[in-house]
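Participant: I'm passing along query_21.cif; it holds mmCIF, N, CA and C atoms.
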```cif
data_my_file
#
loop_
_atom_site.label_atom_id
_atom_site.label_comp_id
_atom_site.auth_asym_id
_atom_site.auth_seq_id
_atom_site.Cartn_x
_atom_site.Cartn_y
_atom_site.Cartn_z
N MET A 1 89.54 82.87 10.31
CA MET A 1 88.62 81.82 9.94
C MET A 1 87.44 82.44 9.19
N ARG A 2 87.02 81.80 8.14
CA ARG A 2 85.87 82.27 7.37
C ARG A 2 84.61 81.64 7.95
N VAL A 3 83.61 82.49 8.20
CA VAL A 3 82.35 82.01 8.74
C VAL A 3 81.20 82.60 7.95
N ILE A 4 80.05 81.94 8.04
CA ILE A 4 78.80 82.45 7.47
C ILE A 4 77.93 82.87 8.63
N LEU A 5 77.53 84.12 8.66
CA LEU A 5 76.72 84.64 9.77
C LEU A 5 75.27 84.18 9.64
N LEU A 6 74.73 83.67 10.73
CA LEU A 6 73.33 83.24 10.77
C LEU A 6 72.41 84.36 11.25
N LYS A 7 73.00 85.35 11.94
CA LYS A 7 72.25 86.51 12.42
C LYS A 7 73.15 87.73 12.23
N ASP A 8 72.54 88.93 12.32
CA ASP A 8 73.33 90.15 12.28
C ASP A 8 74.22 90.22 13.52
N VAL A 9 75.49 90.52 13.34
CA VAL A 9 76.42 90.67 14.45
C VAL A 9 77.05 92.05 14.33
N LYS A 10 76.85 92.86 15.36
CA LYS A 10 77.34 94.22 15.33
C LYS A 10 78.86 94.24 15.21
N GLY A 11 79.36 95.01 14.28
CA GLY A 11 80.79 95.14 14.08
C GLY A 11 81.41 94.05 13.23
N VAL A 12 80.60 93.04 12.86
CA VAL A 12 81.13 91.94 12.05
C VAL A 12 80.47 91.91 10.68
N GLY A 13 79.13 91.84 10.65
CA GLY A 13 78.45 91.80 9.37
C GLY A 13 76.98 91.47 9.51
N LYS A 14 76.34 91.37 8.38
CA LYS A 14 74.91 91.10 8.31
C LYS A 14 74.65 89.60 8.15
N LYS A 15 73.39 89.24 8.34
CA LYS A 15 72.95 87.86 8.22
C LYS A 15 73.27 87.32 6.82
N ASN A 16 73.68 86.06 6.73
CA ASN A 16 74.01 85.33 5.50
C ASN A 16 75.27 85.85 4.80
N GLN A 17 76.02 86.70 5.45
CA GLN A 17 77.24 87.24 4.86
C GLN A 17 78.43 86.35 5.24
N VAL A 18 79.38 86.20 4.33
CA VAL A 18 80.60 85.46 4.60
C VAL A 18 81.64 86.46 5.11
N CYS A 19 82.19 86.20 6.31
CA CYS A 19 83.13 87.13 6.94
C CYS A 19 84.40 86.41 7.37
N GLU A 20 85.45 87.16 7.46
CA GLU A 20 86.73 86.66 7.97
C GLU A 20 86.89 87.21 9.38
N VAL A 21 86.93 86.31 10.39
CA VAL A 21 87.11 86.71 11.79
C VAL A 21 88.24 85.89 12.38
N SER A 22 88.70 86.30 13.55
CA SER A 22 89.78 85.55 14.20
C SER A 22 89.27 84.18 14.64
N ASP A 23 90.19 83.23 14.72
CA ASP A 23 89.83 81.86 15.07
C ASP A 23 89.19 81.78 16.45
N GLY A 24 89.75 82.49 17.40
CA GLY A 24 89.23 82.45 18.77
C GLY A 24 87.84 83.04 18.87
N TYR A 25 87.60 84.16 18.18
CA TYR A 25 86.28 84.80 18.20
C TYR A 25 85.22 83.87 17.60
N ALA A 26 85.59 83.21 16.53
CA ALA A 26 84.65 82.30 15.88
C ALA A 26 84.37 81.08 16.74
N SER A 27 85.43 80.43 17.23
CA SER A 27 85.24 79.17 17.96
C SER A 27 84.76 79.36 19.38
N ASN A 28 85.00 80.52 19.99
CA ASN A 28 84.60 80.74 21.38
C ASN A 28 83.32 81.55 21.54
N PHE A 29 82.93 82.31 20.52
CA PHE A 29 81.75 83.16 20.68
C PHE A 29 80.71 82.93 19.59
N LEU A 30 81.08 83.13 18.34
CA LEU A 30 80.09 83.10 17.25
C LEU A 30 79.45 81.72 17.07
N ILE A 31 80.26 80.68 16.98
CA ILE A 31 79.73 79.34 16.71
C ILE A 31 78.96 78.78 17.91
N PRO A 32 79.48 78.87 19.16
CA PRO A 32 78.71 78.34 20.30
C PRO A 32 77.38 79.06 20.53
N ASN A 33 77.31 80.35 20.20
CA ASN A 33 76.07 81.11 20.38
C ASN A 33 75.16 81.06 19.16
N LYS A 34 75.50 80.19 18.22
CA LYS A 34 74.72 79.98 17.00
C LYS A 34 74.50 81.28 16.21
N LEU A 35 75.54 82.11 16.21
CA LEU A 35 75.52 83.33 15.41
C LEU A 35 76.17 83.11 14.06
N ALA A 36 76.97 82.02 13.97
CA ALA A 36 77.67 81.75 12.71
C ALA A 36 77.99 80.26 12.63
N VAL A 37 78.30 79.83 11.40
CA VAL A 37 78.80 78.48 11.14
C VAL A 37 80.06 78.61 10.30
N LYS A 38 80.92 77.58 10.36
CA LYS A 38 82.14 77.61 9.57
C LYS A 38 81.79 77.62 8.08
N TYR A 39 82.63 78.28 7.32
CA TYR A 39 82.44 78.34 5.87
C TYR A 39 82.91 77.01 5.30
N SER A 40 81.94 76.18 4.96
CA SER A 40 82.22 74.87 4.38
C SER A 40 80.99 74.48 3.56
N GLU A 41 81.04 73.30 2.98
CA GLU A 41 79.87 72.85 2.22
C GLU A 41 78.66 72.72 3.13
N THR A 42 78.88 72.24 4.35
CA THR A 42 77.79 72.11 5.31
C THR A 42 77.26 73.49 5.70
N GLY A 43 78.16 74.44 5.91
CA GLY A 43 77.75 75.80 6.26
C GLY A 43 76.95 76.45 5.15
N ILE A 44 77.39 76.25 3.93
CA ILE A 44 76.66 76.80 2.77
C ILE A 44 75.28 76.15 2.67
N TYR A 45 75.22 74.83 2.93
CA TYR A 45 73.93 74.13 2.92
C TYR A 45 72.99 74.69 3.99
N ILE A 46 73.51 74.93 5.19
CA ILE A 46 72.69 75.50 6.28
C ILE A 46 72.18 76.88 5.89
N ARG A 47 73.07 77.70 5.30
CA ARG A 47 72.66 79.05 4.88
C ARG A 47 71.57 78.99 3.81
N ASP A 48 71.76 78.15 2.81
CA ASP A 48 70.76 78.03 1.74
C ASP A 48 69.43 77.52 2.28
N LYS A 49 69.50 76.59 3.22
CA LYS A 49 68.28 76.05 3.83
C LYS A 49 67.54 77.14 4.61
N GLN A 50 68.31 77.96 5.33
CA GLN A 50 67.71 79.05 6.12
C GLN A 50 67.09 80.11 5.19
N ILE A 51 67.76 80.44 4.11
CA ILE A 51 67.22 81.42 3.15
C ILE A 51 65.93 80.89 2.53
N GLN A 52 65.90 79.61 2.18
CA GLN A 52 64.70 79.01 1.59
C GLN A 52 63.55 79.00 2.60
N LYS A 53 63.85 78.72 3.87
CA LYS A 53 62.82 78.72 4.91
C LYS A 53 62.21 80.12 5.07
N GLU A 54 63.06 81.16 5.05
CA GLU A 54 62.58 82.53 5.15
C GLU A 54 61.68 82.89 3.97
N LYS A 55 62.05 82.48 2.78
CA LYS A 55 61.22 82.74 1.59
C LYS A 55 59.88 82.03 1.71
N ASP A 56 59.90 80.77 2.16
CA ASP A 56 58.65 80.02 2.32
C ASP A 56 57.75 80.67 3.37
N ASP A 57 58.34 81.12 4.49
CA ASP A 57 57.56 81.78 5.53
C ASP A 57 56.95 83.08 5.01
N PHE A 58 57.72 83.83 4.24
CA PHE A 58 57.23 85.09 3.68
C PHE A 58 56.04 84.83 2.77
N ILE A 59 56.16 83.83 1.90
CA ILE A 59 55.06 83.50 0.97
C ILE A 59 53.83 83.03 1.74
N LYS A 60 54.04 82.22 2.77
CA LYS A 60 52.93 81.72 3.58
C LYS A 60 52.19 82.87 4.28
N GLN A 61 52.95 83.80 4.88
CA GLN A 61 52.33 84.94 5.55
C GLN A 61 51.60 85.84 4.55
N GLN A 62 52.15 85.99 3.37
CA GLN A 62 51.51 86.80 2.35
C GLN A 62 50.19 86.18 1.90
N GLU A 63 50.18 84.86 1.73
CA GLU A 63 48.95 84.16 1.34
C GLU A 63 47.88 84.29 2.43
N GLN A 64 48.29 84.16 3.69
CA GLN A 64 47.34 84.32 4.80
C GLN A 64 46.76 85.73 4.81
N ALA A 65 47.60 86.72 4.56
CA ALA A 65 47.14 88.11 4.53
C ALA A 65 46.16 88.33 3.38
N LYS A 66 46.40 87.69 2.25
CA LYS A 66 45.47 87.81 1.11
C LYS A 66 44.11 87.19 1.44
N GLU A 67 44.12 86.06 2.16
CA GLU A 67 42.86 85.45 2.57
C GLU A 67 42.09 86.35 3.52
N VAL A 68 42.79 86.96 4.48
CA VAL A 68 42.14 87.88 5.41
C VAL A 68 41.61 89.10 4.67
N ALA A 69 42.34 89.58 3.67
CA ALA A 69 41.89 90.73 2.88
C ALA A 69 40.61 90.38 2.13
N LYS A 70 40.53 89.16 1.62
CA LYS A 70 39.32 88.73 0.91
C LYS A 70 38.13 88.69 1.87
N LYS A 71 38.35 88.17 3.09
CA LYS A 71 37.28 88.13 4.10
C LYS A 71 36.83 89.54 4.47
N LEU A 72 37.80 90.44 4.64
CA LEU A 72 37.46 91.82 5.03
C LEU A 72 36.65 92.53 3.96
N SER A 73 36.92 92.24 2.70
CA SER A 73 36.18 92.91 1.63
C SER A 73 34.72 92.50 1.60
N GLU A 74 34.40 91.31 2.14
CA GLU A 74 33.03 90.82 2.15
C GLU A 74 32.25 91.27 3.39
N ILE A 75 32.93 91.83 4.38
CA ILE A 75 32.31 92.20 5.65
C ILE A 75 31.99 93.69 5.66
N THR A 76 30.82 94.02 6.20
CA THR A 76 30.47 95.41 6.47
C THR A 76 30.22 95.54 7.97
N LEU A 77 31.01 96.36 8.63
CA LEU A 77 30.88 96.57 10.06
C LEU A 77 29.78 97.59 10.33
N GLU A 78 28.88 97.26 11.23
CA GLU A 78 27.75 98.13 11.56
C GLU A 78 28.00 98.82 12.90
N PHE A 79 27.87 100.12 12.90
CA PHE A 79 27.99 100.92 14.13
C PHE A 79 26.78 101.84 14.22
N GLN A 80 26.41 102.18 15.45
CA GLN A 80 25.37 103.17 15.68
C GLN A 80 25.96 104.28 16.53
N ALA A 81 25.57 105.51 16.20
CA ALA A 81 26.09 106.68 16.91
C ALA A 81 24.96 107.67 17.13
N PRO A 82 25.02 108.42 18.22
CA PRO A 82 23.99 109.43 18.47
C PRO A 82 24.14 110.61 17.50
N SER A 83 23.01 111.28 17.27
CA SER A 83 23.05 112.45 16.38
C SER A 83 22.69 113.70 17.16
N SER A 84 23.16 114.82 16.65
CA SER A 84 22.84 116.10 17.28
C SER A 84 21.49 116.59 16.76
N LYS A 85 21.05 117.73 17.24
CA LYS A 85 19.73 118.27 16.85
C LYS A 85 19.67 118.61 15.37
N ASP A 86 20.81 118.99 14.79
CA ASP A 86 20.80 119.33 13.37
C ASP A 86 21.03 118.12 12.46
N GLY A 87 21.09 116.90 13.02
CA GLY A 87 21.16 115.68 12.22
C GLY A 87 22.56 115.18 11.93
N ARG A 88 23.57 115.85 12.46
CA ARG A 88 24.94 115.40 12.24
C ARG A 88 25.36 114.43 13.34
N MET A 89 26.32 113.62 13.02
CA MET A 89 26.80 112.62 13.97
C MET A 89 27.62 113.26 15.08
N MET A 90 27.39 112.78 16.30
CA MET A 90 28.18 113.25 17.44
C MET A 90 29.29 112.23 17.70
N GLY A 91 30.52 112.68 17.81
CA GLY A 91 31.64 111.79 18.07
C GLY A 91 32.18 111.15 16.80
N THR A 92 33.05 110.18 16.99
CA THR A 92 33.64 109.47 15.87
C THR A 92 33.74 107.98 16.20
N ILE A 93 33.89 107.19 15.17
CA ILE A 93 34.17 105.76 15.33
C ILE A 93 35.68 105.62 15.11
N SER A 94 36.39 105.21 16.15
CA SER A 94 37.85 105.13 16.08
C SER A 94 38.32 103.81 15.48
N GLU A 95 39.59 103.80 15.11
CA GLU A 95 40.18 102.57 14.60
C GLU A 95 40.19 101.48 15.67
N LYS A 96 40.32 101.90 16.92
CA LYS A 96 40.32 100.93 18.02
C LYS A 96 38.98 100.21 18.10
N GLN A 97 37.87 100.94 17.93
CA GLN A 97 36.55 100.32 17.95
C GLN A 97 36.39 99.35 16.76
N ILE A 98 36.90 99.73 15.61
CA ILE A 98 36.82 98.88 14.42
C ILE A 98 37.60 97.59 14.65
N VAL A 99 38.82 97.71 15.21
CA VAL A 99 39.66 96.55 15.47
C VAL A 99 39.00 95.63 16.49
N GLU A 100 38.42 96.21 17.55
CA GLU A 100 37.77 95.39 18.58
C GLU A 100 36.57 94.63 18.02
N LEU A 101 35.78 95.28 17.16
CA LEU A 101 34.62 94.61 16.57
C LEU A 101 35.07 93.49 15.63
N LEU A 102 36.11 93.72 14.85
CA LEU A 102 36.63 92.67 13.97
C LEU A 102 37.11 91.47 14.77
N LYS A 103 37.76 91.74 15.89
CA LYS A 103 38.30 90.66 16.71
C LYS A 103 37.19 89.89 17.42
N SER A 104 36.24 90.61 18.00
CA SER A 104 35.20 89.94 18.79
C SER A 104 34.16 89.23 17.92
N LYS A 105 33.75 89.86 16.84
CA LYS A 105 32.66 89.30 16.04
C LYS A 105 33.13 88.34 14.96
N TYR A 106 34.29 88.62 14.35
CA TYR A 106 34.75 87.83 13.20
C TYR A 106 36.05 87.06 13.46
N GLY A 107 36.71 87.34 14.57
CA GLY A 107 37.96 86.65 14.88
C GLY A 107 39.13 87.07 14.01
N ILE A 108 39.06 88.25 13.43
CA ILE A 108 40.13 88.76 12.57
C ILE A 108 40.94 89.78 13.38
N ILE A 109 42.25 89.55 13.46
CA ILE A 109 43.11 90.44 14.23
C ILE A 109 43.85 91.37 13.27
N VAL A 110 43.64 92.67 13.48
CA VAL A 110 44.27 93.70 12.66
C VAL A 110 44.90 94.71 13.62
N ASP A 111 46.08 95.19 13.28
CA ASP A 111 46.75 96.20 14.09
C ASP A 111 46.19 97.57 13.75
N LYS A 112 45.77 98.31 14.78
CA LYS A 112 45.15 99.62 14.52
C LYS A 112 46.13 100.63 13.94
N ARG A 113 47.43 100.39 14.09
CA ARG A 113 48.42 101.31 13.54
C ARG A 113 48.65 101.09 12.05
N LYS A 114 48.08 100.02 11.49
CA LYS A 114 48.29 99.69 10.08
C LYS A 114 47.24 100.32 9.16
N PHE A 115 46.31 101.09 9.71
CA PHE A 115 45.33 101.76 8.87
C PHE A 115 46.03 102.83 8.05
N ILE A 116 45.78 102.84 6.74
CA ILE A 116 46.43 103.79 5.85
C ILE A 116 45.69 105.13 5.89
N ASP A 117 44.35 105.06 5.85
CA ASP A 117 43.54 106.27 5.90
C ASP A 117 43.48 106.76 7.34
N LYS A 118 43.96 107.95 7.58
CA LYS A 118 44.00 108.46 8.94
C LYS A 118 42.84 109.41 9.26
N TYR A 119 41.89 109.54 8.35
CA TYR A 119 40.76 110.40 8.68
C TYR A 119 39.73 109.59 9.45
N PRO A 120 39.04 110.23 10.41
CA PRO A 120 38.11 109.49 11.26
C PRO A 120 36.77 109.24 10.59
N CYS A 121 36.06 108.26 11.09
CA CYS A 121 34.70 107.97 10.64
C CYS A 121 33.77 108.84 11.49
N ASN A 122 33.40 110.00 10.97
CA ASN A 122 32.60 110.94 11.77
C ASN A 122 31.36 111.42 11.03
N ALA A 123 30.83 110.61 10.13
CA ALA A 123 29.61 110.97 9.41
C ALA A 123 28.78 109.71 9.21
N PHE A 124 27.47 109.88 9.16
CA PHE A 124 26.59 108.74 8.92
C PHE A 124 26.77 108.26 7.48
N GLY A 125 26.58 106.97 7.29
CA GLY A 125 26.68 106.40 5.95
C GLY A 125 27.79 105.38 5.88
N TYR A 126 28.23 105.11 4.65
CA TYR A 126 29.25 104.10 4.40
C TYR A 126 30.62 104.76 4.24
N THR A 127 31.62 104.12 4.81
CA THR A 127 33.00 104.58 4.71
C THR A 127 33.87 103.37 4.40
N LYS A 128 34.84 103.56 3.53
CA LYS A 128 35.80 102.49 3.22
C LYS A 128 37.17 102.92 3.74
N LEU A 129 37.74 102.08 4.59
CA LEU A 129 39.06 102.35 5.14
C LEU A 129 40.04 101.31 4.61
N LYS A 130 41.24 101.74 4.32
CA LYS A 130 42.27 100.83 3.83
C LYS A 130 43.23 100.50 4.97
N VAL A 131 43.60 99.20 5.04
CA VAL A 131 44.52 98.74 6.06
C VAL A 131 45.55 97.83 5.40
N GLU A 132 46.83 98.04 5.76
CA GLU A 132 47.89 97.21 5.20
C GLU A 132 48.11 96.02 6.13
N LEU A 133 47.76 94.85 5.65
CA LEU A 133 47.87 93.64 6.45
C LEU A 133 49.28 93.06 6.43
N PHE A 134 49.95 93.19 5.30
CA PHE A 134 51.29 92.66 5.10
C PHE A 134 51.94 93.47 3.99
N LYS A 135 53.21 93.30 3.78
CA LYS A 135 53.90 94.04 2.73
C LYS A 135 53.23 93.80 1.39
N GLY A 136 52.65 94.83 0.82
CA GLY A 136 52.02 94.72 -0.49
C GLY A 136 50.59 94.21 -0.47
N VAL A 137 50.05 93.89 0.70
CA VAL A 137 48.67 93.39 0.79
C VAL A 137 47.83 94.44 1.53
N VAL A 138 46.97 95.11 0.78
CA VAL A 138 46.11 96.14 1.34
C VAL A 138 44.66 95.67 1.26
N ALA A 139 43.96 95.75 2.39
CA ALA A 139 42.57 95.34 2.45
C ALA A 139 41.68 96.55 2.66
N THR A 140 40.42 96.40 2.28
CA THR A 140 39.43 97.45 2.48
C THR A 140 38.44 97.01 3.53
N VAL A 141 38.24 97.86 4.54
CA VAL A 141 37.28 97.60 5.60
C VAL A 141 36.07 98.50 5.35
N ASN A 142 34.90 97.88 5.19
CA ASN A 142 33.68 98.63 4.97
C ASN A 142 33.02 98.92 6.31
N VAL A 143 32.71 100.18 6.55
CA VAL A 143 32.09 100.60 7.81
C VAL A 143 30.78 101.32 7.49
N HIS A 144 29.69 100.91 8.14
CA HIS A 144 28.41 101.59 7.99
C HIS A 144 28.00 102.14 9.35
N ILE A 145 27.77 103.44 9.37
CA ILE A 145 27.36 104.10 10.62
C ILE A 145 25.93 104.59 10.44
N SER A 146 25.06 104.14 11.35
CA SER A 146 23.66 104.57 11.31
C SER A 146 23.33 105.35 12.57
N GLU A 147 22.20 106.03 12.50
CA GLU A 147 21.77 106.88 13.62
C GLU A 147 21.15 106.03 14.71
N LYS A 148 21.59 106.30 15.94
CA LYS A 148 21.04 105.58 17.09
C LYS A 148 19.70 106.21 17.45
N LYS A 149 18.70 105.37 17.55
CA LYS A 149 17.33 105.87 17.85
C LYS A 149 17.11 105.85 19.33
#
```
Take the structure in this file and express it as structure tokens.
Facilitator:
Amino acid sequence: MRVILLKDVKGVGKKNQVCEVSDGYASNFLIPNKLAVKYSETGIYIRDKQIQKEKDDFIKQQEQAKEVAKKLSEITLEFQAPSSKDGRMMGTISEKQIVELLKSKYGIIVDKRKFIDKYPCNAFGYTKLKVELFKGVVATVNVHISEKK
């Protein structure tokens, strides 16, 4: 029986692929578990509808990421850190602290593992960090560290 796979099935094929499987496997396992549909006009329609939905979701998520990137470019995060006797900063501002401040103060959720620049913020002044919000959408986070009095 020819079927169109709705999800990846190990040993059979990838999502949206047309495969030839035994009648019993298709009617007793793949179709009842919504892993596949019969290859017919209706099945092709379901596959095309699912592909279009995935494209629409991808575009929607990309647009949302672009909006968040625009908001991030307008924000400057303020941190204060103690200084040593010679005027250098003690400690560092971690990505975790940056993510927590973005979430608490601005309501923007960013994954700390998505930061592209892996060097720490360990000097007074302004620092620009790049973070990948979505595939192809990179935002800049402005960080200003001042001396704690």
Participant: Taking the DSSP assignment computed from this structure's backbone, write out as a ChimeraX atom specification all residues of chain A that belong to strand (DSSP E or B).
Facilitator: /A:2-5,9,13,18-20,36-38,76-81,83,89,93,115,121,125-134,137-147
Participant: Centre and edge lengths, as lines of an AutoDock Vina configuration file, for the axis-aligned box enclosing every listed atom of segment 70-86 of chain A with 4 Å of padding on each of the six sides, in Å to one decimal?
Facilitator:
```
center_x = 30.1
center_y = 103.7
center_z = 9.7
size_x = 28.9
size_y = 39.2
size_z = 25.6
```
Participant: I want to know what sits within 8 Å of segment 140-142 of chain A, based on only N, CA and C atoms, with residues of the same chain fewer than 2 positions away left out; could you give that as a ChimeraX atom specification?
Facilitator: /A:68-78,126-132,137-138,144-145
Participant: Quick one: everything within 12 Å of Ala81 of chain A, counting only C-alpha atoms, minus sequence neighbours fewer than 4 positions away in the same chain. Send it as a list in words.
Facilitator: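 What passes the distance filter is Gly87, Arg88, Met89, Met90, Gly91, Thr92, Ile93, Ser94, Cys121, Asn122, Ala123, Phe124, Gly125, His144, Ile145, Ser146, Glu147, Lys148 and Lys149 of chain A.
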Participant: Just how far from atom CA of Glu67 of chain A is atom N of Ala139 of chain A, in Å to one decimal?
Facilitator: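 Going from atom N of Ala139 of chain A over to atom CA of Glu67 of chain A, I get 10.4 Å.
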Participant: Would you return as a PyMOL selection string the members of chain A that DSSP assigns to helix (DSSP H, G or I) on this structure's backbone?
Facilitator: chain A and resi 23-30+41-74+95-106+112-114
Participant: In Å, how far is it from atom C of Phe58 of chain A to atom CA of Ser40 of chain A?
Facilitator: 28.1 Å
Participant: Mind telling me what the PyMOL selection byres ((chain A and resi 95) around 8) catches here, as number ranges by chain?
Facilitator: A: 92-94, 96-101, 111-113, 115, 120-121
Participant: Evaluate the PyMOL selection byres (((chain A and resi 3-7 and name CA) around 8) and name CA) on the structure here and hand back the selected residues as a PyMOL selection string.
Facilitator: chain A and resi 1-2+8-9+13-21+26+34-39+43-44+47
